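Here is upload_6.txt, consisting of compact mmCIF, C-alpha atoms:
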# COMPACT_ATOMS: atom_id res chain seq x y z
CA MET Z 121 0.00 0.00 0.00
CA PHE Z 122 2.74 2.40 1.00
CA ALA Z 123 4.57 1.45 -2.16
CA ILE Z 124 1.71 2.52 -4.41
CA VAL Z 125 1.21 5.69 -2.39
CA GLY Z 126 4.94 6.46 -2.66
CA LEU Z 127 4.97 5.97 -6.43
CA ILE Z 128 1.93 8.15 -6.97
CA LEU Z 129 3.24 10.80 -4.59
CA GLY Z 130 6.57 10.86 -6.42
CA ILE Z 131 4.95 11.28 -9.81
CA ALA Z 132 2.62 13.95 -8.45
CA LEU Z 133 5.54 15.85 -6.90
CA GLY Z 134 7.43 15.62 -10.16
CA ILE Z 135 4.48 16.97 -12.13
CA TYR Z 136 3.28 19.72 -9.84
CA LEU Z 137 6.50 21.03 -8.28
CA GLU Z 138 8.35 20.81 -11.59
CA PRO Z 139 11.77 20.32 -10.05
CA THR Z 140 14.61 20.78 -12.47
CA LEU Z 141 17.83 18.90 -12.42
CA PRO Z 142 21.06 20.81 -13.08
CA VAL Z 143 21.92 20.63 -16.74
CA GLY Z 144 25.13 18.79 -16.02
CA LEU Z 145 23.26 15.93 -14.34
CA GLN Z 146 20.50 15.59 -16.88
CA PRO Z 147 22.20 13.00 -19.13
CA TYR Z 148 22.52 10.64 -16.15
CA LEU Z 149 18.90 10.76 -15.02
CA PRO Z 150 17.60 8.18 -17.55
CA ILE Z 151 20.39 5.77 -16.59
CA ALA Z 152 19.64 6.33 -12.92
CA ILE Z 153 15.97 5.61 -13.55
CA VAL Z 154 16.76 2.35 -15.30
CA ALA Z 155 19.10 1.39 -12.47
CA ALA Z 156 16.40 2.20 -9.93
CA MET Z 157 13.91 0.04 -11.81
CA ASP Z 158 16.41 -2.80 -11.76
CA ALA Z 159 16.85 -2.41 -8.02
CA LEU Z 160 13.11 -2.35 -7.48
CA PHE Z 161 12.53 -5.54 -9.44
CA GLY Z 162 15.41 -7.19 -7.61
CA GLY Z 163 14.01 -6.10 -4.28
CA PHE Z 164 10.57 -7.42 -5.08
CA ARG Z 165 12.04 -10.72 -6.19
CA ALA Z 166 14.02 -10.97 -2.95
CA TYR Z 167 10.87 -10.20 -0.99
CA LEU Z 168 9.02 -13.00 -2.74
CA GLU Z 169 11.89 -15.34 -2.02
CA ARG Z 170 11.89 -14.30 1.66
CA VAL Z 171 15.43 -12.95 1.53
CA PHE Z 172 14.57 -9.23 1.46
CA ASP Z 173 16.70 -7.01 3.63
CA ASP Z 174 16.21 -3.27 4.02
CA ARG Z 175 19.84 -2.41 4.35
CA VAL Z 176 20.94 -4.52 1.43
CA PHE Z 177 18.13 -3.10 -0.67
CA VAL Z 178 18.89 0.55 0.09
CA VAL Z 179 22.61 0.13 -0.34
CA SER Z 180 22.23 -1.83 -3.57
CA PHE Z 181 19.76 0.70 -4.93
CA THR Z 182 22.05 3.63 -4.15
CA SER Z 183 25.16 1.94 -5.43
CA ASN Z 184 23.49 0.72 -8.63
CA VAL Z 185 22.27 4.19 -9.45
CA LEU Z 186 25.60 5.79 -8.65
CA ILE Z 187 27.65 3.20 -10.51
CA ALA Z 188 25.44 3.42 -13.58
CA ALA Z 189 25.73 7.20 -13.58
CA LEU Z 190 29.46 6.96 -12.97
CA ILE Z 191 29.98 4.60 -15.89
CA VAL Z 192 28.13 6.93 -18.21
CA TRP Z 193 30.02 9.92 -16.83
CA VAL Z 194 33.36 8.23 -17.45
CA GLY Z 195 32.15 7.28 -20.90
CA ASP Z 196 31.29 10.89 -21.57
CA GLN Z 197 34.75 11.95 -20.49
CA ILE Z 198 36.47 9.51 -22.84
CA GLY Z 199 34.07 10.06 -25.72
CA VAL Z 200 32.04 6.86 -25.64
CA GLY Z 201 29.22 8.10 -23.41
CA ALA Z 202 26.46 7.15 -25.83
CA GLN Z 203 27.79 3.62 -26.30
CA LEU Z 204 28.35 3.11 -22.59
CA SER Z 205 24.86 4.31 -21.72
CA THR Z 206 23.54 1.85 -24.28
CA ALA Z 207 25.64 -0.87 -22.64
CA VAL Z 208 24.35 0.04 -19.18
CA VAL Z 209 20.77 0.08 -20.39
CA VAL Z 210 21.20 -3.29 -22.08
CA VAL Z 211 22.78 -4.90 -19.01
CA LEU Z 212 20.21 -3.44 -16.65
CA GLY Z 213 17.46 -4.41 -19.05
CA ILE Z 214 18.64 -8.00 -19.09
CA ARG Z 215 18.67 -8.00 -15.30
CA ILE Z 216 15.20 -6.50 -15.17
CA PHE Z 217 13.93 -9.26 -17.43
CA THR Z 218 15.68 -11.90 -15.34
CA ASN Z 219 14.18 -10.53 -12.14
CA ALA Z 220 10.78 -10.21 -13.80
CA ALA Z 221 11.02 -13.86 -14.87
CA ALA Z 222 11.87 -14.91 -11.30
CA ILE Z 223 8.95 -12.87 -9.96
CA ARG Z 224 6.68 -14.46 -12.50
CA ARG Z 225 7.82 -17.91 -11.48
CA SER Z 226 7.27 -17.14 -7.80
CA LEU Z 227 3.80 -15.73 -8.25
CA PHE Z 228 2.39 -17.78 -11.06
CA HIS Z 229 4.58 -20.89 -10.78
CA ALA Z 230 5.11 -20.63 -14.49
CA MET A 1388 28.08 -4.84 -3.93
CA PRO A 1389 25.40 -7.43 -3.28
CA GLU A 1390 22.19 -7.13 -5.17
CA PRO A 1391 18.76 -7.49 -3.70
CA GLY A 1392 17.75 -10.17 -6.15
CA ASP A 1393 20.80 -12.32 -5.70
CA ARG A 1394 20.13 -14.88 -3.04
CA SER A 1395 23.67 -16.21 -2.93
CA VAL A 1396 25.24 -12.97 -1.74
CA VAL A 1397 22.61 -12.04 0.81
CA PRO A 1398 24.25 -12.14 4.23
CA GLU A 1399 23.45 -15.15 6.31
CA HIS A 1400 21.83 -13.21 9.10
CA THR A 1401 19.20 -11.86 6.74
CA VAL A 1402 18.09 -15.28 5.83
CA GLU A 1403 18.12 -16.23 9.48
CA SER A 1404 16.14 -13.20 10.46
CA VAL A 1405 13.58 -13.95 7.81
CA GLU A 1406 13.39 -17.52 8.95
CA THR A 1407 13.12 -16.54 12.62
CA LYS A 1408 10.07 -14.44 11.89
CA GLY A 1409 8.06 -17.58 12.17
CA THR A 1410 6.99 -17.88 8.61
CA GLY A 1411 9.47 -20.68 8.44
CA LEU A 1412 8.62 -21.63 4.94
CA ASP A 1413 11.03 -22.45 2.17
CA GLN A 1414 8.25 -21.81 -0.30
CA PRO A 1415 8.15 -18.38 -1.98
CA ILE A 1416 5.60 -15.87 -0.77
CA GLY A 1417 2.23 -16.59 -2.33
CA TRP A 1418 -0.65 -14.40 -3.32
CA ARG A 1419 -2.38 -14.57 0.08
CA GLU A 1420 0.73 -13.55 1.95
CA LEU A 1421 1.41 -10.83 -0.62
CA LEU A 1422 -2.09 -9.45 -0.12
CA ARG A 1423 -1.69 -9.54 3.64
CA ASP A 1424 1.62 -7.70 3.46
CA PHE A 1425 0.09 -5.22 1.07
CA VAL A 1426 -2.75 -4.37 3.41
CA LYS A 1427 -0.57 -4.36 6.54
CA PRO A 1428 2.65 -2.74 5.42
CA GLY A 1429 5.89 -3.48 7.15
CA ARG A 1430 9.17 -1.68 7.28
CA ALA A 1431 10.24 -3.13 3.96
CA GLN A 1432 7.35 -1.55 2.22
CA VAL A 1433 8.21 1.85 3.68
CA VAL A 1434 11.65 1.52 2.13
CA PHE A 1435 10.05 0.45 -1.12
CA ALA A 1436 7.76 3.43 -0.97
CA ALA A 1437 10.66 5.80 -0.47
CA ILE A 1438 12.55 4.33 -3.42
CA LEU A 1439 9.42 4.39 -5.58
CA LEU A 1440 8.88 8.02 -4.64
CA VAL A 1441 12.35 8.88 -5.82
CA LEU A 1442 11.80 6.82 -8.96
CA GLY A 1443 8.48 8.48 -9.73
CA LEU A 1444 10.00 11.88 -9.21
CA GLY A 1445 12.88 11.04 -11.54
CA VAL A 1446 10.60 9.62 -14.22
CA ALA A 1447 8.34 12.65 -14.08
CA MET A 1448 11.30 15.00 -14.38
CA GLN A 1449 12.75 13.02 -17.25
CA VAL A 1450 9.47 12.83 -19.12
CA ARG A 1451 9.02 16.56 -18.73
CA THR A 1452 12.57 17.26 -19.91
CA GLN A 1453 12.09 14.92 -22.83
CA ALA A 1454 8.86 16.65 -23.79
CA GLN A 1455 10.58 20.03 -23.81
CA GLN A 1456 13.39 18.88 -26.05
CA THR A 1457 13.09 19.21 -29.77
CA ASP A 1458 12.71 16.09 -31.81
CA TYR A 1459 16.08 16.49 -33.45
CA THR A 1460 18.16 15.46 -30.44
CA SER A 1461 16.94 11.88 -30.66
CA MET A 1462 17.56 11.57 -34.40
CA ARG A 1463 20.40 9.69 -35.97
CA ARG A 1464 23.14 11.40 -37.93
CA GLY A 1465 22.04 9.95 -41.26
CA ASP A 1466 18.51 11.22 -40.74
CA LEU A 1467 19.83 14.64 -39.79
CA VAL A 1468 22.02 14.79 -42.91
CA GLN A 1469 19.05 13.74 -45.03
CA MET A 1470 16.91 16.40 -43.41
CA LEU A 1471 19.61 19.01 -43.93
CA ASP A 1472 19.83 18.06 -47.61
CA ASP A 1473 16.08 18.35 -47.95
CA LEU A 1474 16.12 21.75 -46.31
CA ASN A 1475 18.95 22.91 -48.56
CA SER A 1476 17.19 21.85 -51.75
CA GLU A 1477 13.96 23.38 -50.47
CA SER A 1478 15.86 26.57 -49.75
CA ARG A 1479 17.34 26.60 -53.27
CA ARG A 1480 13.91 26.02 -54.75
CA LEU A 1481 12.47 28.89 -52.73
CA GLU A 1482 15.37 31.15 -53.73
CA ASN A 1483 14.66 30.40 -57.38
CA GLU A 1484 11.03 31.20 -56.76
CA ILE A 1485 12.01 34.48 -55.10
CA ALA A 1486 14.20 35.37 -58.10
CA GLY A 1487 11.36 34.62 -60.50
CA LEU A 1488 8.92 36.67 -58.50
CA GLU A 1489 11.38 39.56 -58.27
CA GLU A 1490 11.72 39.46 -62.04
CA THR A 1491 7.96 39.52 -62.46
CA LYS A 1492 7.72 42.37 -59.98
CA ARG A 1493 10.37 44.32 -61.89
CA GLN A 1494 8.54 43.78 -65.17
CA LEU A 1495 5.25 44.83 -63.69
CA GLN A 1496 6.84 47.92 -62.18
CA GLY A 1497 8.40 48.75 -65.55
CA GLY A 1498 5.02 48.33 -67.19
CA ALA A 1499 3.43 50.52 -64.57
CA ASP A 1500 6.13 53.15 -65.13
CA ARG A 1501 5.59 53.10 -68.87
CA GLU A 1502 1.88 53.40 -68.36
CA ARG A 1503 2.42 56.31 -66.00
CA VAL A 1504 4.73 58.08 -68.48
CA ALA A 1505 2.27 57.54 -71.28
CA LYS A 1506 -0.50 58.88 -69.09
CA GLU A 1507 1.54 61.96 -68.20
CA GLN A 1508 2.33 62.59 -71.86
CA ALA A 1509 -1.30 62.17 -72.79
CA GLN A 1510 -2.26 64.58 -70.02
CA ARG A 1511 0.27 67.13 -71.28
CA ARG A 1512 -1.05 66.85 -74.80
CA LEU A 1513 -4.57 67.11 -73.45
CA ASP A 1514 -3.65 70.33 -71.60
CA VAL A 1515 -2.01 71.80 -74.71
CA LEU A 1516 -4.92 70.86 -76.91
CA ALA A 1517 -7.45 72.12 -74.40
CA ILE A 1518 -5.79 75.55 -74.46
CA LEU A 1519 -5.43 75.47 -78.23
CA GLY A 1520 -8.99 74.37 -78.74
CA GLY A 1521 -10.28 76.85 -76.20
CA THR A 1522 -12.02 74.36 -73.95
CA ALA A 1523 -9.99 75.23 -70.84
CA PRO A 1524 -9.33 78.52 -69.04
CA ALA A 1525 -5.76 79.79 -69.38
CA GLN A 1526 -3.46 82.27 -67.75
CA GLY A 1527 0.00 83.63 -68.37
CA PRO A 1528 1.89 86.75 -69.32
CA GLY A 1529 0.43 88.79 -72.14
CA ILE A 1530 -1.18 92.09 -73.07
CA ARG A 1531 -4.58 93.69 -72.80
CA ILE A 1532 -5.70 95.79 -75.71
CA ALA A 1533 -8.55 98.24 -75.27
CA ILE A 1534 -10.00 99.88 -78.42
CA TYR A 1535 -12.12 102.96 -77.89
CA ASP A 1536 -14.18 103.42 -80.97
CA PRO A 1537 -16.63 106.27 -80.46
CA ASN A 1538 -17.70 106.32 -84.10
CA ARG A 1539 -18.33 102.62 -84.44
CA LYS A 1540 -15.97 102.45 -87.39
CA VAL A 1541 -14.02 99.37 -86.45
CA THR A 1542 -14.66 96.71 -89.07
CA PRO A 1543 -14.66 92.94 -88.72
CA GLU A 1544 -11.72 92.88 -91.11
CA LEU A 1545 -9.72 95.06 -88.73
CA LEU A 1546 -10.49 92.73 -85.84
CA LEU A 1547 -9.59 89.70 -87.92
CA ASN A 1548 -6.35 91.34 -89.00
CA THR A 1549 -5.58 92.16 -85.41
CA VAL A 1550 -6.14 88.55 -84.39
CA GLU A 1551 -3.91 87.40 -87.25
CA GLU A 1552 -1.22 89.85 -86.20
CA MET A 1553 -1.44 88.57 -82.65
CA ARG A 1554 -1.12 85.00 -83.89
CA ASP A 1555 1.86 86.00 -86.01
CA ALA A 1556 3.45 87.43 -82.89
CA GLY A 1557 3.04 84.14 -81.07
CA ALA A 1558 -0.25 84.61 -79.26
CA GLU A 1559 -1.36 81.43 -77.61
CA VAL A 1560 -4.75 82.38 -76.25
CA ILE A 1561 -6.94 85.23 -77.41
CA ALA A 1562 -10.26 86.35 -75.96
CA ILE A 1563 -12.42 89.28 -76.94
CA ASN A 1564 -14.21 91.18 -74.17
CA ASN A 1565 -13.32 88.16 -72.06
CA THR A 1566 -16.49 86.50 -73.29
CA VAL A 1567 -15.50 85.12 -76.67
CA ARG A 1568 -12.56 82.79 -76.90
CA VAL A 1569 -10.91 83.09 -80.28
CA VAL A 1570 -10.34 79.61 -81.70
CA ALA A 1571 -9.90 78.08 -85.12
CA SER A 1572 -13.58 78.32 -86.01
CA THR A 1573 -14.12 81.84 -84.75
CA TRP A 1574 -15.75 84.11 -87.28
CA PHE A 1575 -16.07 87.88 -87.48
CA SER A 1576 -18.86 89.79 -89.10
CA ALA A 1577 -20.93 92.90 -88.78
CA GLY A 1578 -24.53 92.85 -87.71
CA PRO A 1579 -27.14 95.59 -87.66
CA SER A 1580 -26.25 96.62 -84.10
CA GLY A 1581 -22.50 96.22 -84.31
CA LEU A 1582 -19.67 93.76 -84.63
CA LEU A 1583 -20.37 90.06 -84.17
CA VAL A 1584 -17.79 87.53 -83.12
CA ASP A 1585 -19.00 83.94 -83.05
CA GLY A 1586 -22.49 85.34 -82.85
CA HIS A 1587 -21.76 87.49 -79.81
CA LEU A 1588 -22.22 91.22 -80.04
CA VAL A 1589 -18.97 93.03 -79.34
CA THR A 1590 -19.52 95.92 -76.99
CA VAL A 1591 -17.46 99.08 -76.96
CA PRO A 1592 -14.82 99.54 -75.77
CA ILE A 1593 -13.46 96.40 -77.35
CA SER A 1594 -11.00 94.63 -75.11
CA ILE A 1595 -8.74 91.92 -76.44
CA ASP A 1596 -6.82 89.79 -73.96
CA VAL A 1597 -3.86 87.95 -75.41
CA ILE A 1598 -1.52 85.50 -73.75
CA GLY A 1599 1.92 85.34 -75.30
CA ASP A 1600 5.26 87.13 -75.25
CA PRO A 1601 4.20 90.63 -74.09
CA HIS A 1602 7.00 92.45 -75.93
CA ALA A 1603 6.39 90.76 -79.27
CA LEU A 1604 2.65 91.24 -78.95
CA THR A 1605 3.04 94.92 -78.12
CA GLU A 1606 5.29 95.41 -81.11
CA ALA A 1607 2.77 93.64 -83.31
CA THR A 1608 0.20 96.34 -82.53
CA ARG A 1609 2.49 99.25 -83.27
CA PHE A 1610 3.93 98.72 -86.67
CA SER A 1611 2.87 101.05 -89.45
CA GLY A 1612 -0.43 99.89 -90.90
CA GLY A 1613 -1.07 97.81 -87.79
CA LEU A 1614 -3.81 98.04 -85.21
CA ILE A 1615 -2.82 101.29 -83.52
CA SER A 1616 -2.14 103.21 -86.69
CA GLU A 1617 -5.35 101.96 -88.25
CA VAL A 1618 -7.55 102.82 -85.29
CA GLN A 1619 -5.97 106.21 -84.78
CA SER A 1620 -6.20 107.03 -88.46
CA PRO A 1621 -8.68 109.73 -89.38
CA ARG A 1622 -11.03 107.17 -90.86
CA ILE A 1623 -11.78 105.53 -87.51
CA ALA A 1624 -10.54 108.22 -85.11
CA GLY A 1625 -10.44 105.97 -82.12
CA THR A 1626 -7.86 105.32 -79.47
CA VAL A 1627 -6.06 102.18 -78.44
CA THR A 1628 -4.36 101.40 -75.17
CA VAL A 1629 -2.06 98.44 -74.85
CA THR A 1630 -1.02 97.33 -71.37
CA THR A 1631 1.27 94.44 -70.62
CA ASP A 1632 0.40 92.15 -67.75
CA ASP A 1633 2.42 89.40 -66.14
CA LYS A 1634 -0.73 87.47 -65.43
CA VAL A 1635 -3.51 87.64 -67.95
CA THR A 1636 -6.30 85.29 -66.98
CA ILE A 1637 -8.73 84.18 -69.66
CA THR A 1638 -11.78 82.38 -68.38
CA ALA A 1639 -13.82 82.42 -71.57
CA VAL A 1640 -14.11 78.93 -73.00
CA ILE A 1641 -16.00 77.38 -75.84
CA THR A 1642 -18.02 74.21 -75.78
CA PRO A 1643 -16.74 72.05 -78.59
CA ALA A 1644 -19.43 71.00 -81.00
CA VAL A 1645 -19.73 67.37 -81.92
CA ASN A 1646 -18.33 66.83 -85.38
CA LYS A 1647 -21.01 65.75 -87.75
CA PHE A 1648 -18.76 64.61 -90.60
CA ALA A 1649 -15.16 64.57 -89.56
CA LYS A 1650 -13.95 61.55 -87.66
CA PRO A 1651 -10.49 60.71 -86.41
CA ALA A 1652 -8.64 58.92 -89.18
If you took the structure in this file and wrote it as structure tokens, what would it be?
Amino acid sequence: MFAIVGLILGIALGIYLEPTLPVGLQPYLPIAIVAAMDALFGGFRAYLERVFDDRVFVVSFTSNVLIAALIVWVGDQIGVGAQLSTAVVVVLGIRIFTNAAAIRRSLFHA
Amino acid sequence: MPEPGDRSVVPEHTVESVETKGTGLDQPIGWRELLRDFVKPGRAQVVFAAILLVLGLGVAMQVRTQAQQTDYTSMRRGDLVQMLDDLNSESRRLENEIAGLEETKRQLQGGADRERVAKEQAQRRLDVLAILGGTAPAQGPGIRIAIYDPNRKVTPELLLNTVEEMRDAGAEVIAINNTVRVVASTWFSAGPSGLLVDGHLVTVPISIDVIGDPHALTEATRFSGGLISEVQSPRIAGTVTVTTDDKVTITAVITPAVNKFAKPA
């Protein structure tokens, strides 16, 4: 319940307060979002498998987001930012699908 | 860094703590348990909510940023080059069109200029002909002749001669008594009550207004056998005064008759 409320509240805040990210950070926001989605799916999977841990979840979420942004930032510095963000998105996407498959198996036994 | 979904790297105590909660099941959480946890949230869900809040915020920001950006940022280089080529050729086409239209505009302006010049020339000719034909009032330097003829001896021939002399001297407009404009068809004759010019009775004193070079016109009245000597001769015994005027205004006009026979050839 809280989860749904949190999601809706976040979207509402984003729409109505119109916060703006500094221009320098804007290229990393999409990567951070994908990393956050990966962490969320992983956390839900862990919850379903009864191994969920707050601390692990928060730390893994934060580190995933930061590392993804860092990789893209380094890529930008050395001129392969676009390719590295593609790579990060692909890797995170694969993980999201893997986690989604595990969640599906847990819930639907299929 | 361990990942939440990776069971193998989850610290042992987490598994223990989960197991010591009393659920004690190796089976994954089922729908009923999920529903129960959903209705009665625990600490885990608060963390989830916080992360989801951040995620929602980020997605909203990103969507808004993306909506503000122009479409070109997400296009590939090949597409952009293609688009640039299209724009260049379109630009060339429009430049050609502009050149063509400029040319047309120039031609039309030239045509309008020619038409205006022709109109001005026609107007000038119209003005000249209107003065010559006597259909328009005229003014200009000239002389005023006044003939005092107490004995009524002035003949139509004398008047006609005077007009001819004036024309010889370059008279452009002539009017008699400022009522009769002397034109090509003007005739002079004598009626029972006096001189007639174009059917109008000429009252005494006879005044003749002439527009032309005042000096030449004055001279044309003075030569021996001319107007002055004729009028002042013993036969007529009248007097003539000739005054020059820088601005002789002649308002007498004629109404041109419609030609019955002659037509422009």
* Asked: Interatomic distance between CA of Lys1540 in chain A and CA of Ile1623 in chain A?
  ->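 Those two atoms sit 5.2 Å apart.
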* Find the residues of chain Z in contact range of chain A, meaning any atom within 9 Å when counting only C-alpha atoms, and list them as an MDAnalysis selection string. => chainID Z and resid 121:135 138:141 146 149:150 152:153 156:157 159:174 176:181 183:184 219 226:228
* Asked: Which residue, A:Leu1588, A:Val1629, A:Gln1494, A:Met1553, has the smallest gap to Ile1615 in chain A when you use only C-alpha atoms?
  ->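 The shortest atom-to-atom distance to Ile1615 in chain A comes from A:Val1629.
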* Asked: Any idea what the distance is between CA of Val1541 in chain A and CA of Thr1605 in chain A?
  ->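 The value is 19.5 Å.
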* Excluding Asp1585 in chain A and any residue of its chain fewer than 5 positions from it, enumerate the residues within 7 Å of it, using only C-alpha atoms, and give them as a list in words. =>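 Result of the neighbour search: Thr1573, Trp1574 and Phe1575 of chain A.
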* Asked: What separation in Å, quoted to one decimal, exists between CA of Val1569 in chain A and CA of Phe1610 in chain A?
  ->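 Result for CA of Val1569 in chain A versus CA of Phe1610 in chain A: 22.5 Å, one decimal.
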* Find the residues around His1602 in chain A up to 9 Å (all atoms listed in the file counted), leave out those fewer than 3 positions away in its own chain, and share them as a PyMOL selection string. => chain A and resi 1529-1530+1599+1605-1607+1631
* Determine, counting only C-alpha atoms, which protein, DNA and RNA residues have an atom within 12 Å of an atom of range 1515-1524 of chain A; residues of the same chain fewer than 4 positions away are not included. Present the result as JSON, numbers by chain. => {"A": [1508, 1509, 1510, 1511, 1554, 1558, 1559, 1560, 1561, 1562, 1565, 1566, 1567, 1568, 1569, 1570, 1571, 1572, 1573, 1598, 1635, 1636, 1637, 1638, 1639, 1640, 1641, 1642, 1643, 1644]}
* Asked: Which neighbours of Ile214 in chain Z fall inside 10 Å, counting all atoms listed in the file, when residues of the same chain fewer than 6 positions from it are skipped, and could you give them as a PyMOL selection string?
  -> chain Z and resi 158+208+220
Would you mind listing what lies within 9 Å of Asn1548 in chain A as a CSV table (one decimal) with C-alpha atoms, in the frame of the given file, with only C-alpha atoms counted and same-chain residues fewer than 4 positions away left out?
chain,number,residue,atom,x,y,z
A,1543,PRO,CA,-14.7,92.9,-88.7
A,1544,GLU,CA,-11.7,92.9,-91.1
A,1552,GLU,CA,-1.2,89.8,-86.2
A,1553,MET,CA,-1.4,88.6,-82.6
A,1613,GLY,CA,-1.1,97.8,-87.8
A,1614,LEU,CA,-3.8,98.0,-85.2
